[in-house]
Amino acid sequence: MSEITSPPDMTHDTLFAGELLCSQPAQGYRFSLDAVLAAQFVHPSPSQQVLDLGCGCGIIGLILAYRLPELAVHALELQPELADCVRANIRANGFDSRMQLYQASVTRIQTILRPESYDLVVCNPPYGSPGGGRINKDNQAATARHELSGSLDDFIKGAAYAVKNRGKVVFVYPARRGAGLLQNLMQRRLMPKRMQPIYSYPEAETARLLVVEAVKNGGEQFDLLAPLYIYTQKNGEYTKAMNNLYEVNSSCSPK
């Protein structure tokens with residue numbers, strides 16, 4: 001790996017005991033736990049083609065490339081500043097030969113990528129509707145977190161276009177909007193097969209997130225996995241399952 005050279009408004013962060021470098025905006029959109037959960041939920045084989053859809057600073061693809069040294073990862077991101085972060089992160093981690101960025105909107109995916117060309121598509125889409133909730137004052141963060149440049153269905157439609165028949169797509173999404181996620185997936189022939197609810201802590205009454213894996217033209221079998229708890233208690237420390245996600249060379253999804 002090489003050092004990241006980036007503007008002063010960027011931070012240089014690391015994962016996996018410093019083995020993975022990640023440059024991201026200091027004040028704009030920054031990756032969150034959602035992306036880490038999505039990246040650790042999937043198990044691609046080294047021979048598969050993977051797409052990180054709406055990749056932000058590229059963290060999902062970076063984690064996958066770190067976990068599987070032979071894996072080829074493509075990433076799509078609209079915003080120029082975040083696309084620059086992805087390029088810097090690819091170079092800094094030495095992933096130039098197997099990680100590629102496409103700077104484009106998900107709504108134009110058909111002009112950028114071939115149909116059904118990926119075995120796996122992973123996505124942490126914008127989760128706030130334009131008319132609901134408080135819009136972030138930072139334009140970069142607002143675009144990444146709210147459906148300003150692409151709706152949830154745009155991302156699901158893009159995933160359905162890009163993934164092969166019987167290929168997998170994985171979405172991480174707020175649990176409170178889970179019904180819409182599942183409905184939109186099935187409308188695009190992406191049949192949910194595995195789902196894990198993510199709770200803030202064991203005593204929490206409702207789940208915070210859902211991580212859903214769907215198969216294009218898949219069957220009806222569906223597995224609801226055991227909950228994952230982020231913290232041991234309210235305002236507590238990370239659970240063992242969460243700490244496992246950050247272990248060096250971690251390659252297993254949370255249990």
# chains A, B, ... in the order shown; residues from 1 in each chain; ligands from 1
>>> residues_around(residues="region 52-62 of chain A", least_positions_apart="6", cutoff="9 Å", atoms="only C-alpha atoms", output="MDAnalysis selection string")
chainID A and resid 20:25 29:31 35:36 38:40 73:79 81:87 89:90 93 95 99 101 105:106 120:126 144 155 158:159
>>> atom_distance(atom1="CA of Gly178 (chain A)", atom2="CA of Glu237 (chain A)")
26.6 Å
>>> select_by_dssp(residues="region 35-204 of chain A", states="strand (DSSP E or B)", output="JSON, numbers by chain")
{"A": [49, 50, 51, 52, 53, 72, 73, 74, 75, 76, 77, 99, 100, 101, 102, 103, 118, 119, 120, 121, 122, 123, 128, 146, 163, 164, 165, 166, 167, 168, 169, 170, 171, 172, 173, 174, 190, 191, 192, 193, 194, 195, 196, 197, 198, 199]}
>>> closest_residue(among="A:Arg67, A:Gly94, A:Phe41, A:Gln48", to="Leu225 (chain A)", atoms="only C-alpha atoms")
A:Phe41
>>> select_by_dssp(residues="region 20-255 of chain A", states="alpha helix (DSSP H)", output="JSON, numbers by chain")
{"A": [33, 34, 35, 36, 37, 38, 39, 40, 41, 59, 60, 61, 62, 63, 64, 65, 66, 67, 80, 81, 82, 83, 84, 85, 86, 87, 88, 89, 90, 91, 92, 109, 110, 111, 112, 139, 140, 141, 142, 143, 144, 145, 152, 153, 154, 155, 156, 157, 158, 159, 160, 161, 162, 178, 179, 180, 181, 182, 183, 184, 185, 186, 187, 240, 241, 242, 243, 244, 245]}
>>> atom_distance(atom1="CA of Val215 (chain A)", atom2="CA of Arg166 (chain A)")
5.6 Å
>>> closest_residue(among="A:Arg98, A:His12, A:Arg91, A:Lys164", to="Arg114 (chain A)", atoms="only C-alpha atoms")
A:Lys164
>>> atom_distance(atom1="CA of Leu209 (chain A)", atom2="CA of Asp154 (chain A)")
20.1 Å
>>> residues_around(residues="Glu203 (chain A)", least_positions_apart="4", cutoff="12 Å", atoms="only C-alpha atoms", output="list in words")
Tyr199, Ala207, Pro227, Tyr229, Ile230, Tyr231, Thr232, Gln233, Lys234, Asn235 and Gly236 of chain A
>>> residues_around(residues="Ala226 (chain A)", least_positions_apart="3", cutoff="12 Å", atoms="only C-alpha atoms", output="list in words")
Arg194, Met195, Gln196, Pro197, Ile198, Tyr199, Pro202, Ala207, Leu210, Val211, Asp223, Tyr229, Ala241, Ser253, Pro254 and Lys255 of chain A
>>> write_last_selection(atoms="N, CA, C and O atoms", output="PDB file, in the first residue's frame")
ATOM      1  N   ARG A 194     -32.368 -14.322   2.048  1.00  0.00           N
ATOM      2  CA  ARG A 194     -31.842 -14.236   3.414  1.00  0.00           C
ATOM      3  C   ARG A 194     -32.041 -12.812   3.911  1.00  0.00           C
ATOM      4  O   ARG A 194     -31.845 -11.860   3.166  1.00  0.00           O
ATOM      5  N   MET A 195     -32.391 -12.686   5.182  1.00  0.00           N
ATOM      6  CA  MET A 195     -32.530 -11.346   5.765  1.00  0.00           C
ATOM      7  C   MET A 195     -32.081 -11.389   7.218  1.00  0.00           C
ATOM      8  O   MET A 195     -32.450 -12.293   7.970  1.00  0.00           O
ATOM      9  N   GLN A 196     -31.276 -10.411   7.596  1.00  0.00           N
ATOM     10  CA  GLN A 196     -30.820 -10.312   8.981  1.00  0.00           C
ATOM     11  C   GLN A 196     -31.211  -8.953   9.551  1.00  0.00           C
ATOM     12  O   GLN A 196     -30.828  -7.911   9.014  1.00  0.00           O
ATOM     13  N   PRO A 197     -31.998  -8.937  10.641  1.00  0.00           N
ATOM     14  CA  PRO A 197     -32.312  -7.671  11.300  1.00  0.00           C
ATOM     15  C   PRO A 197     -31.147  -7.233  12.184  1.00  0.00           C
ATOM     16  O   PRO A 197     -30.522  -8.063  12.862  1.00  0.00           O
ATOM     17  N   ILE A 198     -30.864  -5.952  12.188  1.00  0.00           N
ATOM     18  CA  ILE A 198     -29.780  -5.378  12.977  1.00  0.00           C
ATOM     19  C   ILE A 198     -30.403  -4.496  14.054  1.00  0.00           C
ATOM     20  O   ILE A 198     -31.101  -3.524  13.737  1.00  0.00           O
ATOM     21  N   TYR A 199     -30.145  -4.816  15.322  1.00  0.00           N
ATOM     22  CA  TYR A 199     -30.668  -4.043  16.451  1.00  0.00           C
ATOM     23  C   TYR A 199     -29.531  -3.246  17.091  1.00  0.00           C
ATOM     24  O   TYR A 199     -28.380  -3.685  17.109  1.00  0.00           O
ATOM     25  N   PRO A 202     -29.613  -5.388  22.696  1.00  0.00           N
ATOM     26  CA  PRO A 202     -30.589  -6.457  22.937  1.00  0.00           C
ATOM     27  C   PRO A 202     -31.957  -5.993  23.430  1.00  0.00           C
ATOM     28  O   PRO A 202     -32.969  -6.615  23.110  1.00  0.00           O
ATOM     29  N   ALA A 207     -35.915  -3.145  15.216  1.00  0.00           N
ATOM     30  CA  ALA A 207     -34.654  -3.252  14.492  1.00  0.00           C
ATOM     31  C   ALA A 207     -34.274  -1.906  13.886  1.00  0.00           C
ATOM     32  O   ALA A 207     -35.134  -1.099  13.535  1.00  0.00           O
ATOM     33  N   LEU A 210     -31.927  -3.566   8.131  1.00  0.00           N
ATOM     34  CA  LEU A 210     -32.097  -4.889   7.545  1.00  0.00           C
ATOM     35  C   LEU A 210     -31.003  -5.083   6.495  1.00  0.00           C
ATOM     36  O   LEU A 210     -30.722  -4.176   5.713  1.00  0.00           O
ATOM     37  N   VAL A 211     -30.385  -6.262   6.502  1.00  0.00           N
ATOM     38  CA  VAL A 211     -29.495  -6.645   5.407  1.00  0.00           C
ATOM     39  C   VAL A 211     -30.190  -7.776   4.673  1.00  0.00           C
ATOM     40  O   VAL A 211     -30.503  -8.817   5.266  1.00  0.00           O
ATOM     41  N   ASP A 223     -34.937 -17.373   4.394  1.00  0.00           N
ATOM     42  CA  ASP A 223     -34.376 -17.585   5.730  1.00  0.00           C
ATOM     43  C   ASP A 223     -34.269 -16.257   6.466  1.00  0.00           C
ATOM     44  O   ASP A 223     -33.593 -15.331   5.994  1.00  0.00           O
ATOM     45  N   TYR A 229     -26.780  -7.690  17.176  1.00  0.00           N
ATOM     46  CA  TYR A 229     -26.826  -6.540  18.079  1.00  0.00           C
ATOM     47  C   TYR A 229     -25.519  -5.761  17.948  1.00  0.00           C
ATOM     48  O   TYR A 229     -24.431  -6.330  18.042  1.00  0.00           O
ATOM     49  N   ALA A 241     -19.899  -9.942  18.195  1.00  0.00           N
ATOM     50  CA  ALA A 241     -20.197 -10.095  16.769  1.00  0.00           C
ATOM     51  C   ALA A 241     -19.749  -8.880  15.972  1.00  0.00           C
ATOM     52  O   ALA A 241     -19.234  -9.006  14.848  1.00  0.00           O
ATOM     53  N   SER A 253     -19.664 -13.594   7.773  1.00  0.00           N
ATOM     54  CA  SER A 253     -20.746 -12.676   8.079  1.00  0.00           C
ATOM     55  C   SER A 253     -21.093 -12.791   9.547  1.00  0.00           C
ATOM     56  O   SER A 253     -20.819 -13.796  10.190  1.00  0.00           O
ATOM     57  N   PRO A 254     -21.709 -11.744  10.135  1.00  0.00           N
ATOM     58  CA  PRO A 254     -22.020 -11.763  11.561  1.00  0.00           C
ATOM     59  C   PRO A 254     -23.007 -12.852  11.903  1.00  0.00           C
ATOM     60  O   PRO A 254     -23.916 -13.156  11.155  1.00  0.00           O
ATOM     61  N   LYS A 255     -22.819 -13.445  13.060  1.00  0.00           N
ATOM     62  CA  LYS A 255     -23.715 -14.515  13.551  1.00  0.00           C
ATOM     63  C   LYS A 255     -24.527 -13.987  14.712  1.00  0.00           C
ATOM     64  O   LYS A 255     -24.044 -13.209  15.495  1.00  0.00           O
TER      65      LYS A 255
END
